[in-house]
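Below is data01.txt, holding compact mmCIF, C-alpha atoms.
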# COMPACT_ATOMS: atom_id res chain seq x y z
CA MET A 208 -12.42 17.95 22.81
CA THR A 209 -10.70 21.34 22.82
CA PRO A 210 -7.42 21.85 20.93
CA HIS A 211 -5.68 21.79 24.31
CA ASP A 212 -7.33 18.47 25.19
CA ILE A 213 -6.33 16.97 21.82
CA ALA A 214 -2.72 18.09 22.19
CA ALA A 215 -2.56 16.73 25.75
CA THR A 216 -4.11 13.41 24.68
CA LEU A 217 -1.70 12.97 21.77
CA ASP A 218 1.26 13.89 23.95
CA HIS A 219 0.17 11.28 26.49
CA MET A 220 -0.13 8.70 23.70
CA GLY A 221 3.32 9.67 22.43
CA VAL A 222 4.93 9.12 25.83
CA ALA A 223 3.20 5.74 26.14
CA ALA A 224 4.25 4.76 22.62
CA ARG A 225 7.90 5.59 23.32
CA ALA A 226 7.84 3.43 26.44
CA ALA A 227 6.10 0.60 24.60
CA ALA A 228 8.59 0.82 21.71
CA THR A 229 11.44 0.14 24.13
CA GLU A 230 9.67 -3.00 25.36
CA MET A 231 8.77 -4.12 21.83
CA ALA A 232 12.35 -3.73 20.62
CA ARG A 233 13.51 -6.30 23.16
CA ALA A 234 10.45 -8.56 22.94
CA SER A 235 11.15 -12.18 22.08
CA THR A 236 10.19 -13.66 18.74
CA LEU A 237 7.98 -16.14 20.62
CA ALA A 238 6.01 -13.37 22.34
CA LYS A 239 5.49 -11.45 19.09
CA ASN A 240 4.41 -14.57 17.22
CA THR A 241 2.09 -15.60 20.05
CA SER A 242 0.41 -12.19 19.90
CA LEU A 243 -0.09 -12.49 16.13
CA THR A 244 -1.52 -15.99 16.43
CA GLU A 245 -3.85 -14.79 19.17
CA LEU A 246 -4.96 -11.88 17.02
CA ALA A 247 -5.76 -14.22 14.12
CA ARG A 248 -7.83 -16.39 16.46
CA LEU A 249 -9.69 -13.43 17.91
CA LEU A 250 -10.47 -12.06 14.46
CA ASN A 251 -11.84 -15.38 13.27
CA GLU A 252 -14.03 -15.67 16.37
CA ALA A 253 -15.35 -12.08 16.35
CA GLY A 254 -17.28 -12.12 13.10
CA ALA A 255 -20.67 -11.01 14.45
CA PRO A 256 -19.46 -8.12 16.67
CA LEU A 257 -17.21 -6.85 13.89
CA GLN A 258 -20.06 -6.99 11.39
CA GLN A 259 -22.29 -5.04 13.78
CA ALA A 260 -19.68 -2.33 14.28
CA ASN A 261 -19.02 -2.11 10.55
CA ALA A 262 -22.77 -1.90 9.82
CA GLN A 263 -22.94 1.30 11.91
CA ASP A 264 -20.18 2.85 9.82
CA ILE A 265 -21.73 1.73 6.53
CA ALA A 266 -25.13 3.15 7.47
CA ALA A 267 -23.64 6.49 8.48
CA ALA A 268 -21.49 6.64 5.33
CA GLU A 269 -24.46 5.90 3.07
CA ALA A 270 -26.51 8.58 4.82
CA ALA A 271 -23.65 11.04 4.32
CA GLY A 272 -23.48 10.22 0.60
CA LEU A 273 -19.99 8.72 0.65
CA ALA A 274 -18.80 7.86 -2.87
CA ALA A 275 -19.11 4.25 -4.01
CA PRO A 276 -15.34 3.53 -4.13
CA MET A 277 -14.99 4.76 -0.54
CA LEU A 278 -17.98 2.69 0.56
CA ASP A 279 -16.38 -0.35 -1.05
CA ARG A 280 -13.18 0.24 0.91
CA LEU A 281 -15.14 0.66 4.13
CA ARG A 282 -16.81 -2.76 4.05
CA LEU A 283 -15.46 -5.25 6.57
CA THR A 284 -16.70 -8.41 4.86
CA PRO A 285 -16.03 -11.95 6.13
CA LYS A 286 -13.52 -12.31 3.31
CA VAL A 287 -11.67 -9.17 4.42
CA ILE A 288 -11.56 -10.41 8.01
CA ALA A 289 -10.33 -13.82 6.91
CA THR A 290 -7.62 -12.22 4.77
CA VAL A 291 -6.23 -10.03 7.56
CA ALA A 292 -6.36 -12.98 9.97
CA GLU A 293 -4.39 -15.04 7.46
CA GLY A 294 -1.96 -12.14 7.15
CA CYS A 295 -1.34 -12.31 10.91
CA GLN A 296 -0.65 -16.03 10.65
CA GLN A 297 1.71 -15.47 7.74
CA LEU A 298 3.62 -12.87 9.71
CA ALA A 299 3.89 -15.21 12.68
CA ALA A 300 5.41 -17.87 10.42
CA MET A 301 7.95 -15.51 8.90
CA PRO A 302 11.52 -15.15 10.19
CA ASP A 303 12.01 -12.35 12.70
CA PRO A 304 14.22 -9.73 11.05
CA ILE A 305 15.03 -7.87 14.26
CA GLY A 306 18.58 -8.38 15.51
CA GLU A 307 19.80 -9.96 12.28
CA ILE A 308 23.44 -9.01 11.59
CA THR A 309 24.56 -9.08 7.97
CA GLY A 310 27.50 -8.11 5.81
CA VAL A 311 30.13 -8.61 8.49
CA LYS A 312 33.61 -7.95 7.13
CA ARG A 313 36.93 -8.06 8.91
CA ARG A 314 38.99 -4.90 8.50
CA PRO A 315 42.81 -4.74 8.36
CA THR A 316 42.76 -3.18 11.82
CA GLY A 317 41.26 -6.35 13.28
CA ILE A 318 37.73 -5.04 13.87
CA SER A 319 34.72 -6.69 12.22
CA VAL A 320 32.09 -4.34 10.79
CA GLY A 321 28.51 -5.25 9.87
CA GLN A 322 24.92 -4.05 10.06
CA MET A 323 22.09 -5.00 12.42
CA ARG A 324 18.41 -4.69 11.56
CA VAL A 325 16.45 -2.78 14.22
CA PRO A 326 12.91 -1.36 14.61
CA LEU A 327 12.20 2.22 13.51
CA GLY A 328 10.68 2.93 16.94
CA VAL A 329 7.26 4.60 16.75
CA PHE A 330 5.30 5.14 13.56
CA GLY A 331 2.08 7.05 13.09
CA MET A 332 -0.43 5.69 10.62
CA ILE A 333 -3.13 7.95 9.15
CA TYR A 334 -5.63 6.26 6.87
CA GLU A 335 -9.08 6.58 5.36
CA SER A 336 -11.99 4.19 4.93
CA ARG A 337 -10.29 0.78 5.01
CA PRO A 338 -10.68 -0.67 8.53
CA ASN A 339 -8.55 -3.67 7.54
CA VAL A 340 -5.57 -1.28 7.68
CA THR A 341 -5.97 -1.25 11.47
CA ILE A 342 -5.02 -4.93 11.58
CA GLU A 343 -2.37 -4.72 8.88
CA ALA A 344 -0.61 -1.84 10.63
CA ALA A 345 -0.93 -3.41 14.06
CA SER A 346 0.32 -6.83 12.99
CA LEU A 347 3.32 -5.37 11.18
CA ALA A 348 4.14 -3.19 14.18
CA ILE A 349 4.08 -6.22 16.44
CA LYS A 350 6.29 -8.42 14.26
CA SER A 351 8.78 -5.63 13.51
CA GLY A 352 9.13 -4.71 17.17
CA ASN A 353 7.72 -1.20 16.77
CA ALA A 354 5.00 0.76 18.54
CA CYS A 355 2.39 2.62 16.52
CA ILE A 356 -0.30 5.27 16.88
CA LEU A 357 -3.19 4.73 14.47
CA ARG A 358 -5.61 7.38 13.27
CA GLY A 359 -8.31 5.97 10.99
CA GLY A 360 -10.94 7.92 9.12
CA SER A 361 -14.01 9.16 10.97
CA GLU A 362 -16.19 7.11 8.60
CA ALA A 363 -14.70 3.87 10.03
CA ILE A 364 -14.53 4.80 13.72
CA HIS A 365 -16.77 1.99 15.04
CA SER A 366 -15.03 -0.68 12.95
CA ASN A 367 -11.58 0.55 13.96
CA LEU A 368 -12.44 0.64 17.65
CA ALA A 369 -13.75 -2.93 17.52
CA LEU A 370 -10.64 -4.17 15.73
CA TRP A 371 -8.26 -2.25 18.00
CA LYS A 372 -9.77 -3.84 21.11
CA LEU A 373 -8.92 -7.25 19.65
CA VAL A 374 -5.35 -6.09 19.02
CA GLN A 375 -4.93 -4.92 22.60
CA GLN A 376 -6.32 -8.19 23.91
CA ALA A 377 -3.88 -10.15 21.74
CA LEU A 378 -0.94 -8.06 23.00
CA VAL A 379 -1.87 -8.51 26.64
CA ASN A 380 -2.49 -12.26 26.17
CA ALA A 381 1.08 -12.58 24.89
CA GLY A 382 2.62 -10.52 27.70
CA LEU A 383 3.33 -7.50 25.51
CA PRO A 384 2.42 -3.87 26.32
CA ALA A 385 -1.09 -2.86 25.30
CA ASP A 386 0.24 0.60 24.39
CA ALA A 387 2.31 -0.90 21.58
CA VAL A 388 -0.73 -0.24 19.38
CA GLN A 389 -2.82 2.81 20.20
CA LEU A 390 -5.80 4.23 18.34
CA VAL A 391 -6.71 7.91 18.27
CA GLN A 392 -10.32 7.77 19.42
CA THR A 393 -11.40 11.28 18.44
CA THR A 394 -12.55 12.04 14.91
CA ASP A 395 -11.45 15.67 15.23
CA ARG A 396 -9.03 16.46 12.40
CA ALA A 397 -6.89 18.49 14.77
CA ALA A 398 -5.57 15.17 16.05
CA VAL A 399 -3.92 14.56 12.68
CA GLY A 400 -2.19 17.92 12.85
CA ARG A 401 -0.73 17.10 16.25
CA LEU A 402 0.26 13.52 15.37
CA ILE A 403 2.35 14.61 12.38
CA ALA A 404 4.14 17.27 14.41
CA MET A 405 5.55 15.20 17.29
CA PRO A 406 9.14 14.29 16.32
CA GLU A 407 9.94 13.79 19.98
CA TYR A 408 7.53 10.83 20.03
CA VAL A 409 7.02 9.70 16.41
CA ASP A 410 9.80 8.57 14.07
CA VAL A 411 7.87 8.29 10.81
CA ILE A 412 4.36 8.98 9.49
CA ILE A 413 2.67 6.68 6.98
CA PRO A 414 -0.44 8.17 5.33
CA ARG A 415 -2.78 5.90 3.40
CA GLY A 416 -5.72 7.53 1.69
CA GLY A 417 -6.72 10.06 -0.92
CA LYS A 418 -4.35 12.41 -2.68
CA GLY A 419 -5.61 15.42 -0.69
CA LEU A 420 -4.84 13.75 2.65
CA ILE A 421 -1.36 12.70 1.59
CA GLU A 422 -0.51 16.09 0.10
CA ARG A 423 -1.57 17.79 3.33
CA ILE A 424 0.47 15.47 5.50
CA SER A 425 3.53 15.73 3.25
CA ALA A 426 3.36 19.53 3.41
CA GLU A 427 2.73 19.87 7.14
CA ALA A 428 4.55 16.94 8.76
CA LYS A 429 7.54 17.62 10.97
CA VAL A 430 8.64 13.99 10.83
CA PRO A 431 9.61 11.87 7.78
CA VAL A 432 6.72 10.58 5.64
CA ILE A 433 6.51 7.32 3.67
CA LYS A 434 3.94 8.02 0.97
CA HIS A 435 2.40 7.62 -2.43
CA LEU A 436 0.07 10.25 -3.80
CA ASP A 437 -1.92 8.23 -6.32
CA GLY A 438 -2.00 5.02 -8.33
CA ASN A 439 -2.13 5.78 -12.04
CA CYS A 440 -1.11 2.25 -13.09
CA HIS A 441 -0.55 1.21 -16.71
CA THR A 442 -0.89 -2.00 -18.68
CA TYR A 443 1.04 -2.01 -21.97
CA VAL A 444 0.20 -4.58 -24.68
CA ASP A 445 3.34 -5.07 -26.78
CA ALA A 446 3.68 -5.77 -30.52
CA GLU A 447 4.46 -9.44 -29.86
CA VAL A 448 1.88 -10.76 -27.43
CA ASP A 449 -0.32 -13.73 -26.56
CA VAL A 450 -3.65 -12.02 -27.21
CA GLU A 451 -5.75 -14.48 -25.17
CA GLN A 452 -3.47 -14.07 -22.18
CA ALA A 453 -3.41 -10.29 -22.62
CA LEU A 454 -7.22 -10.13 -22.65
CA ALA A 455 -7.48 -12.05 -19.37
CA VAL A 456 -4.74 -10.05 -17.63
CA THR A 457 -5.98 -6.64 -18.80
CA ASP A 458 -9.56 -7.45 -17.81
CA ASN A 459 -8.42 -8.48 -14.33
CA ALA A 460 -6.11 -5.49 -13.95
CA LYS A 461 -8.98 -3.09 -14.58
CA THR A 462 -12.22 -4.76 -13.50
CA HIS A 463 -11.26 -7.14 -10.67
CA LYS A 464 -11.85 -4.21 -8.32
CA TYR A 465 -12.07 -0.56 -9.27
CA SER A 466 -11.22 1.16 -5.99
CA PRO A 467 -7.68 -0.04 -5.11
CA CYS A 468 -4.61 1.97 -6.02
CA ASN A 469 -3.16 -0.98 -7.98
CA ALA A 470 -6.03 -1.17 -10.49
CA THR A 471 -4.97 -0.33 -14.05
CA GLU A 472 -6.16 3.14 -15.05
CA SER A 473 -4.46 3.46 -18.44
CA LEU A 474 -4.14 0.97 -21.30
CA LEU A 475 -1.41 1.36 -23.92
CA VAL A 476 -1.46 -0.87 -27.01
CA HIS A 477 1.22 -1.22 -29.68
CA GLU A 478 -0.11 -0.32 -33.14
CA ARG A 479 0.78 -3.79 -34.45
CA SER A 480 -1.46 -5.46 -31.83
CA ALA A 481 -4.20 -2.86 -31.74
CA ALA A 482 -6.51 -4.27 -34.44
CA ALA A 483 -6.47 -7.77 -32.93
CA PHE A 484 -6.64 -6.71 -29.29
CA LEU A 485 -8.62 -3.51 -28.86
CA PRO A 486 -12.03 -4.55 -30.24
CA ARG A 487 -11.98 -7.68 -28.07
CA ILE A 488 -10.98 -5.94 -24.83
CA GLY A 489 -13.42 -3.19 -25.77
CA ALA A 490 -16.25 -5.74 -25.89
CA ILE A 491 -15.27 -7.01 -22.43
CA PHE A 492 -15.20 -3.48 -21.03
CA ALA A 493 -18.50 -2.62 -22.74
CA ALA A 494 -20.19 -5.63 -21.14
CA LYS A 495 -18.97 -4.47 -17.73
CA GLY A 496 -19.90 -0.83 -18.19
CA VAL A 497 -16.33 0.49 -18.34
CA GLU A 498 -16.03 3.86 -20.09
CA MET A 499 -13.03 4.16 -22.44
CA ARG A 500 -11.40 7.56 -22.89
CA CYS A 501 -9.51 7.19 -26.14
CA ASP A 502 -6.98 8.79 -28.41
CA ALA A 503 -7.99 9.02 -32.08
CA ALA A 504 -6.39 5.73 -33.15
CA SER A 505 -7.93 3.62 -30.38
CA LYS A 506 -11.34 5.26 -30.79
CA ALA A 507 -11.37 4.37 -34.50
CA LEU A 508 -10.84 0.70 -33.62
CA LEU A 509 -13.40 0.69 -30.80
CA GLN A 510 -16.28 2.49 -32.51
CA SER A 511 -17.69 -0.71 -33.94
CA VAL A 512 -17.91 -2.43 -30.52
CA PRO A 513 -21.61 -2.77 -29.54
CA GLY A 514 -22.45 -0.84 -26.39
CA ALA A 515 -19.01 0.68 -26.01
CA GLN A 516 -18.91 3.86 -23.92
CA LEU A 517 -16.33 5.99 -25.70
CA ALA A 518 -15.05 9.50 -25.05
CA ASN A 519 -12.16 11.56 -26.37
CA ALA A 520 -9.24 11.51 -23.95
CA THR A 521 -8.01 14.86 -22.71
CA GLU A 522 -4.47 15.61 -21.58
CA ALA A 523 -5.65 15.26 -17.98
CA ASP A 524 -6.89 11.71 -18.61
CA TRP A 525 -3.36 10.39 -19.09
CA SER A 526 -2.53 11.27 -15.48
CA GLU A 527 -5.86 10.41 -13.87
CA GLU A 528 -6.46 7.87 -11.11
CA TYR A 529 -10.15 7.12 -11.70
CA LEU A 530 -10.91 4.55 -8.98
CA ALA A 531 -13.99 3.87 -11.10
CA PRO A 532 -15.08 1.92 -14.23
CA ILE A 533 -13.18 4.31 -16.51
CA ILE A 534 -9.92 3.68 -18.37
CA SER A 535 -7.80 5.79 -20.70
CA VAL A 536 -6.70 4.05 -23.93
CA LYS A 537 -3.89 4.98 -26.30
CA VAL A 538 -2.23 3.34 -29.32
CA VAL A 539 1.56 3.73 -29.36
CA ALA A 540 4.07 3.19 -32.16
CA SER A 541 6.82 1.54 -30.11
CA LEU A 542 7.99 0.20 -26.78
CA ASP A 543 10.00 3.40 -26.36
CA GLU A 544 6.88 5.51 -26.76
CA ALA A 545 5.02 3.36 -24.24
CA MET A 546 7.79 3.66 -21.63
CA ALA A 547 8.15 7.41 -22.20
CA HIS A 548 4.39 7.83 -21.73
CA ILE A 549 4.40 5.79 -18.51
CA ASN A 550 7.39 7.63 -17.04
CA ARG A 551 5.82 11.00 -17.88
CA TYR A 552 2.20 10.45 -16.88
CA GLY A 553 2.36 7.56 -14.42
CA SER A 554 2.53 7.88 -10.64
CA HIS A 555 5.50 5.47 -10.33
CA HIS A 556 3.27 2.96 -8.53
CA THR A 557 2.80 -0.18 -10.68
CA ASP A 558 3.09 -0.78 -14.42
CA ALA A 559 2.93 -3.97 -16.51
CA ILE A 560 4.02 -5.14 -19.96
CA LEU A 561 2.22 -7.99 -21.72
CA THR A 562 4.63 -9.49 -24.24
CA THR A 563 6.22 -12.63 -25.63
CA ASN A 564 9.42 -10.75 -26.46
CA HIS A 565 11.96 -11.40 -23.71
CA ALA A 566 14.25 -8.52 -24.66
CA ASN A 567 11.34 -6.06 -24.53
CA ALA A 568 10.26 -7.44 -21.16
CA MET A 569 13.75 -6.94 -19.73
CA ARG A 570 13.96 -3.39 -21.11
CA PHE A 571 10.58 -2.58 -19.55
CA LEU A 572 11.74 -3.91 -16.16
CA ARG A 573 14.93 -1.83 -16.29
CA GLU A 574 13.62 1.41 -17.78
CA VAL A 575 10.15 1.97 -16.32
CA ASP A 576 10.67 4.06 -13.18
CA SER A 577 8.03 2.57 -10.89
CA ALA A 578 7.95 0.89 -7.50
CA SER A 579 6.56 -2.33 -9.00
CA VAL A 580 7.14 -3.36 -12.62
CA MET A 581 5.53 -6.52 -14.00
CA VAL A 582 5.73 -8.84 -16.99
CA ASN A 583 2.62 -10.74 -18.10
CA ALA A 584 0.79 -10.23 -14.80
CA SER A 585 -2.07 -8.10 -13.51
CA THR A 586 -1.19 -4.87 -11.73
CA ARG A 587 -3.62 -6.01 -9.02
CA PHE A 588 -0.80 -8.19 -7.66
CA ALA A 589 1.02 -5.08 -6.32
CA ASP A 590 0.13 -5.83 -2.73
CA GLY A 591 2.08 -6.85 0.35
CA PHE A 592 -0.10 -9.90 0.96
CA GLU A 593 0.34 -11.10 -2.63
CA TYR A 594 4.09 -10.44 -2.47
CA GLY A 595 4.39 -12.72 0.55
CA LEU A 596 5.08 -9.92 3.02
CA GLY A 597 2.28 -11.18 5.29
CA ALA A 598 0.69 -7.75 5.23
CA GLU A 599 1.52 -4.28 4.02
CA ILE A 600 1.31 -0.93 5.67
CA GLY A 601 0.98 0.87 2.37
CA ILE A 602 2.67 1.43 -0.97
CA SER A 603 5.64 3.77 -1.20
CA THR A 604 6.52 5.52 -4.43
CA ASP A 605 9.44 7.26 -2.73
CA LYS A 606 12.95 6.07 -3.55
CA PHE A 607 14.52 6.34 -0.12
CA HIS A 608 14.29 3.71 2.61
CA ALA A 609 11.21 1.85 1.35
CA ARG A 610 9.73 1.47 -2.14
CA GLY A 611 6.65 -0.46 -3.26
CA PRO A 612 4.58 -2.46 -0.75
CA VAL A 613 5.95 -1.67 2.71
CA GLY A 614 6.13 -4.79 4.84
CA LEU A 615 8.33 -5.89 7.71
CA GLU A 616 11.67 -4.67 6.38
CA GLY A 617 10.14 -1.30 5.48
CA LEU A 618 9.47 -0.75 9.18
CA THR A 619 13.07 -1.39 10.16
CA SER A 620 16.39 0.31 9.63
CA MET A 621 20.00 -0.78 9.73
CA LYS A 622 22.60 0.35 12.24
CA TRP A 623 26.29 -0.33 12.06
CA VAL A 624 27.82 -2.73 14.56
CA VAL A 625 31.53 -3.11 15.24
CA LEU A 626 32.99 -6.22 16.89
CA GLY A 627 36.43 -5.99 18.32
CA GLN A 628 38.90 -7.58 20.74
CA GLY A 629 40.47 -4.53 22.27
CA GLU A 630 41.60 -2.82 19.07
CA VAL A 631 42.52 0.88 19.23
CA ARG A 632 42.88 3.28 16.33
CA ALA A 633 46.42 4.16 15.42
Please render this file's structure as structure tokens.
Amino acid sequence: MTPHDIAATLDHMGVAARAAATEMARASTLAKNTSLTELARLLNEAGAPLQQANAQDIAAAEAAGLAAPMLDRLRLTPKVIATVAEGCQQLAAMPDPIGEITGVKRRPTGISVGQMRVPLGVFGMIYESRPNVTIEAASLAIKSGNACILRGGSEAIHSNLALWKLVQQALVNAGLPADAVQLVQTTDRAAVGRLIAMPEYVDVIIPRGGKGLIERISAEAKVPVIKHLDGNCHTYVDAEVDVEQALAVTDNAKTHKYSPCNATESLLVHERSAAAFLPRIGAIFAAKGVEMRCDAASKALLQSVPGAQLANATEADWSEEYLAPIISVKVVASLDEAMAHINRYGSHHTDAILTTNHANAMRFLREVDSASVMVNASTRFADGFEYGLGAEIGISTDKFHARGPVGLEGLTSMKWVVLGQGEVRA
């Protein structure tokens, strides 16, 4: 496609999305839920065709030398399909937020003033590797009464096309417009440039992918962007801690899966817990092939661990999102030092404290400036599905509009409504 063809195609999709958004905003809860239930059914019945489409993408990605974490994200396994289908069913069972009026207060003038929750309109979603995002974005658009234009990575084109066809079928089966969810079918990167520069058609852009992609979109977009650049998540082991519990949680936070943005990348340990905790977690990491990039104090405690892969941490390691079996490790003298380190080097995504001290836990919750802050739980729980949102469209580390996992409410806004009985302003 020529640049002219791409611009014309995206403009056509924008016009169709605007029209579909109007229909979706007035769609009944029954129709939206029916579409989601249909989509879950279609996903559960389409295992073989989806696997075939995904196999084409995997083969091409392997031939192109795609990195292991990206390959992992690209796989459309039966478990992934079952999870997104369950997410659709969860969304169908959730209350419909659209049209809800809250906070109504009667004013001395006689008018009543409140706020109504409404769809954003049209959102553009740009994402890499994970084909499951196609379903998560589509299902959230349907339930929230929005229209969306999806642009997945070229490495997942066959998987995304197969999934999108199921979405369109589910929309049509429920009497909703097929154009409510559109997929950009060209892999030309020029399509991204056009999509993020159409404020007349698109209300918000949501990028989900590597730091380079998100930085580019944030710099070039002419519409608002909901974003997070990276996931440098921390687990802090406090002075007072249940060591057995801390071992299990820290192991899960790092090794459950290396590629997601909510995997722990940095481990901080209070000096009073370090001798009891570090050699034991070091042995777990050594057995799993996790490299530990250490400060001097942690390295001294880990050197005796058989098979431990140790390296000296550099300044850059404290800010790094590895997405790999690597973790930075540091011994700290206090809770204050731990929180200062997290707020300086972290990406404001997800951070956890492991402690039996309630006061310390409450301070950590209040003072760590991140979208998700946890006590005695794995950072891997920072996920819309795990939070009960049904699905998520991404994680936002911004502070305006939406923060943390962006689910239904993150795709809506509030408008003021005024109810009167003929009042006039004096």
Within 7 Å of segment 405-411 of chain A, which residues of segment 288-341 of chain A come that close, and what is the closest atom pair and distance in Å for each? Count all atoms listed in the file and give it as a tab-separated table.
residue	atom	partner	partner_atom	distance
A:Leu327	CA	A:Asp410	CA	6.8
A:Gly328	CA	A:Asp410	CA	6.4
A:Val329	CA	A:Val409	CA	5.1
A:Phe330	CA	A:Val411	CA	4.9
A:Gly331	CA	A:Val411	CA	6.3
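Distances to Asn459 of chain A were evaluated for A:Ala584, A:Val476, A:Ala507, A:Val613 using all atoms listed in the file, and the minimum falls at A:Ala584.
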Using all atoms listed in the file, find all polymer residues with an atom at most 10 Å away from the point (-21.2, 5.9, 7.4); report them as JSON, numbers by chain.
{"A": [261, 262, 263, 264, 265, 266, 267, 268, 269, 270, 271, 272, 273, 278, 281, 336, 361, 362, 363, 364, 365]}
Interatomic distance between atom CA of Lys495 of chain A and atom CA of Ala540 of chain A?
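So the two atoms, atom CA of Lys495 of chain A and atom CA of Ala540 of chain A, lie 28.2 Å apart.
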From A:Asn439, A:Ser466, A:Gln510, A:Gln628, residue lying nearest Asn550 of chain A [only C-alpha atoms]
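Distance minimum relative to Asn550 of chain A lands on A:Asn439.
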Can you pull out the residues contacting Lys537 of chain A? Cut-off 8 Å, using all atoms listed in the file, and skip same-chain residues under 5 positions away; I want them as a count of residues only.
7
Could you jot down the atom CA of Met621 of chain A to atom CA of Met231 of chain A separation for me, Å, one decimal place?
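So the two atoms, atom CA of Met621 of chain A and atom CA of Met231 of chain A, lie 16.8 Å apart.
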Pick out the closest residue to Ala228 of chain A from this set: A:Gly254, A:Cys355, A:Ala609, A:Ala260. Count all atoms listed in the file.
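Looking only at the distances to Ala228 of chain A, the closest residue turns out to be A:Cys355.
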Contacts of Ala387 of chain A at 9 Å (all atoms listed in the file; same-chain gap of 3+ positions) as a PDB file with C-alpha atoms, in the coordinates of the input:
ATOM      1  CA  ALA A 223       3.200   5.740  26.140  1.00  0.00           C
ATOM      2  CA  ALA A 224       4.250   4.760  22.620  1.00  0.00           C
ATOM      3  CA  ARG A 225       7.900   5.590  23.320  1.00  0.00           C
ATOM      4  CA  ALA A 226       7.840   3.430  26.440  1.00  0.00           C
ATOM      5  CA  ALA A 227       6.100   0.600  24.600  1.00  0.00           C
ATOM      6  CA  ALA A 228       8.590   0.820  21.710  1.00  0.00           C
ATOM      7  CA  GLU A 230       9.670  -3.000  25.360  1.00  0.00           C
ATOM      8  CA  MET A 231       8.770  -4.120  21.830  1.00  0.00           C
ATOM      9  CA  VAL A 329       7.260   4.600  16.750  1.00  0.00           C
ATOM     10  CA  ALA A 345      -0.930  -3.410  14.060  1.00  0.00           C
ATOM     11  CA  ALA A 348       4.140  -3.190  14.180  1.00  0.00           C
ATOM     12  CA  ILE A 349       4.080  -6.220  16.440  1.00  0.00           C
ATOM     13  CA  GLY A 352       9.130  -4.710  17.170  1.00  0.00           C
ATOM     14  CA  ASN A 353       7.720  -1.200  16.770  1.00  0.00           C
ATOM     15  CA  ALA A 354       5.000   0.760  18.540  1.00  0.00           C
ATOM     16  CA  CYS A 355       2.390   2.620  16.520  1.00  0.00           C
ATOM     17  CA  ILE A 356      -0.300   5.270  16.880  1.00  0.00           C
ATOM     18  CA  GLN A 375      -4.930  -4.920  22.600  1.00  0.00           C
ATOM     19  CA  LEU A 378      -0.940  -8.060  23.000  1.00  0.00           C
ATOM     20  CA  LEU A 383       3.330  -7.500  25.510  1.00  0.00           C
ATOM     21  CA  PRO A 384       2.420  -3.870  26.320  1.00  0.00           C
TER      22      PRO A 384
END
The residue from A:Gly321, A:Pro431, A:Gly591, A:Gly400 with the smallest atom-to-atom distance to Val291 of chain A, counting all atoms listed in the file, is A:Gly591
Can you measure atom CA of Gly417 of chain A to atom CA of Asn339 of chain A for me? One decimal in Å is fine.
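Value for the atom CA of Gly417 of chain A-atom CA of Asn339 of chain A distance: 16.2 Å.
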Where atoms are absent from segment 453-461 of chain A, fill them in so it carries N, CA, C and O atoms, then output it as a PDB file, keeping the file's coordinate frame.
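Okay, this is what ended up in result-v1.pdb:
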ATOM      1  N   ALA A 453      -3.338 -11.739 -22.839  1.00  0.00           N
ATOM      2  CA  ALA A 453      -3.410 -10.290 -22.620  1.00  0.00           C
ATOM      3  C   ALA A 453      -4.841  -9.854 -22.299  1.00  0.00           C
ATOM      4  O   ALA A 453      -5.050  -8.955 -21.478  1.00  0.00           O
ATOM      5  N   LEU A 454      -5.824 -10.461 -22.939  1.00  0.00           N
ATOM      6  CA  LEU A 454      -7.220 -10.130 -22.650  1.00  0.00           C
ATOM      7  C   LEU A 454      -7.559 -10.454 -21.191  1.00  0.00           C
ATOM      8  O   LEU A 454      -8.167  -9.643 -20.482  1.00  0.00           O
ATOM      9  N   ALA A 455      -7.162 -11.637 -20.737  1.00  0.00           N
ATOM     10  CA  ALA A 455      -7.480 -12.050 -19.370  1.00  0.00           C
ATOM     11  C   ALA A 455      -6.780 -11.163 -18.349  1.00  0.00           C
ATOM     12  O   ALA A 455      -7.387 -10.747 -17.346  1.00  0.00           O
ATOM     13  N   VAL A 456      -5.503 -10.846 -18.596  1.00  0.00           N
ATOM     14  CA  VAL A 456      -4.740 -10.050 -17.630  1.00  0.00           C
ATOM     15  C   VAL A 456      -5.254  -8.609 -17.589  1.00  0.00           C
ATOM     16  O   VAL A 456      -5.442  -8.031 -16.516  1.00  0.00           O
ATOM     17  N   THR A 457      -5.505  -8.025 -18.758  1.00  0.00           N
ATOM     18  CA  THR A 457      -5.980  -6.640 -18.800  1.00  0.00           C
ATOM     19  C   THR A 457      -7.351  -6.506 -18.153  1.00  0.00           C
ATOM     20  O   THR A 457      -7.617  -5.552 -17.410  1.00  0.00           O
ATOM     21  N   ASP A 458      -8.231  -7.451 -18.425  1.00  0.00           N
ATOM     22  CA  ASP A 458      -9.560  -7.450 -17.810  1.00  0.00           C
ATOM     23  C   ASP A 458      -9.430  -7.481 -16.289  1.00  0.00           C
ATOM     24  O   ASP A 458     -10.058  -6.688 -15.574  1.00  0.00           O
ATOM     25  N   ASN A 459      -8.600  -8.373 -15.773  1.00  0.00           N
ATOM     26  CA  ASN A 459      -8.420  -8.480 -14.330  1.00  0.00           C
ATOM     27  C   ASN A 459      -7.804  -7.211 -13.749  1.00  0.00           C
ATOM     28  O   ASN A 459      -8.228  -6.720 -12.699  1.00  0.00           O
ATOM     29  N   ALA A 460      -6.814  -6.671 -14.457  1.00  0.00           N
ATOM     30  CA  ALA A 460      -6.110  -5.490 -13.950  1.00  0.00           C
ATOM     31  C   ALA A 460      -7.049  -4.301 -13.789  1.00  0.00           C
ATOM     32  O   ALA A 460      -6.879  -3.474 -12.884  1.00  0.00           O
ATOM     33  N   LYS A 461      -8.056  -4.213 -14.663  1.00  0.00           N
ATOM     34  CA  LYS A 461      -8.980  -3.090 -14.580  1.00  0.00           C
ATOM     35  C   LYS A 461     -10.245  -3.394 -13.788  1.00  0.00           C
ATOM     36  O   LYS A 461     -10.680  -2.579 -12.968  1.00  0.00           O
TER      37      LYS A 461
END
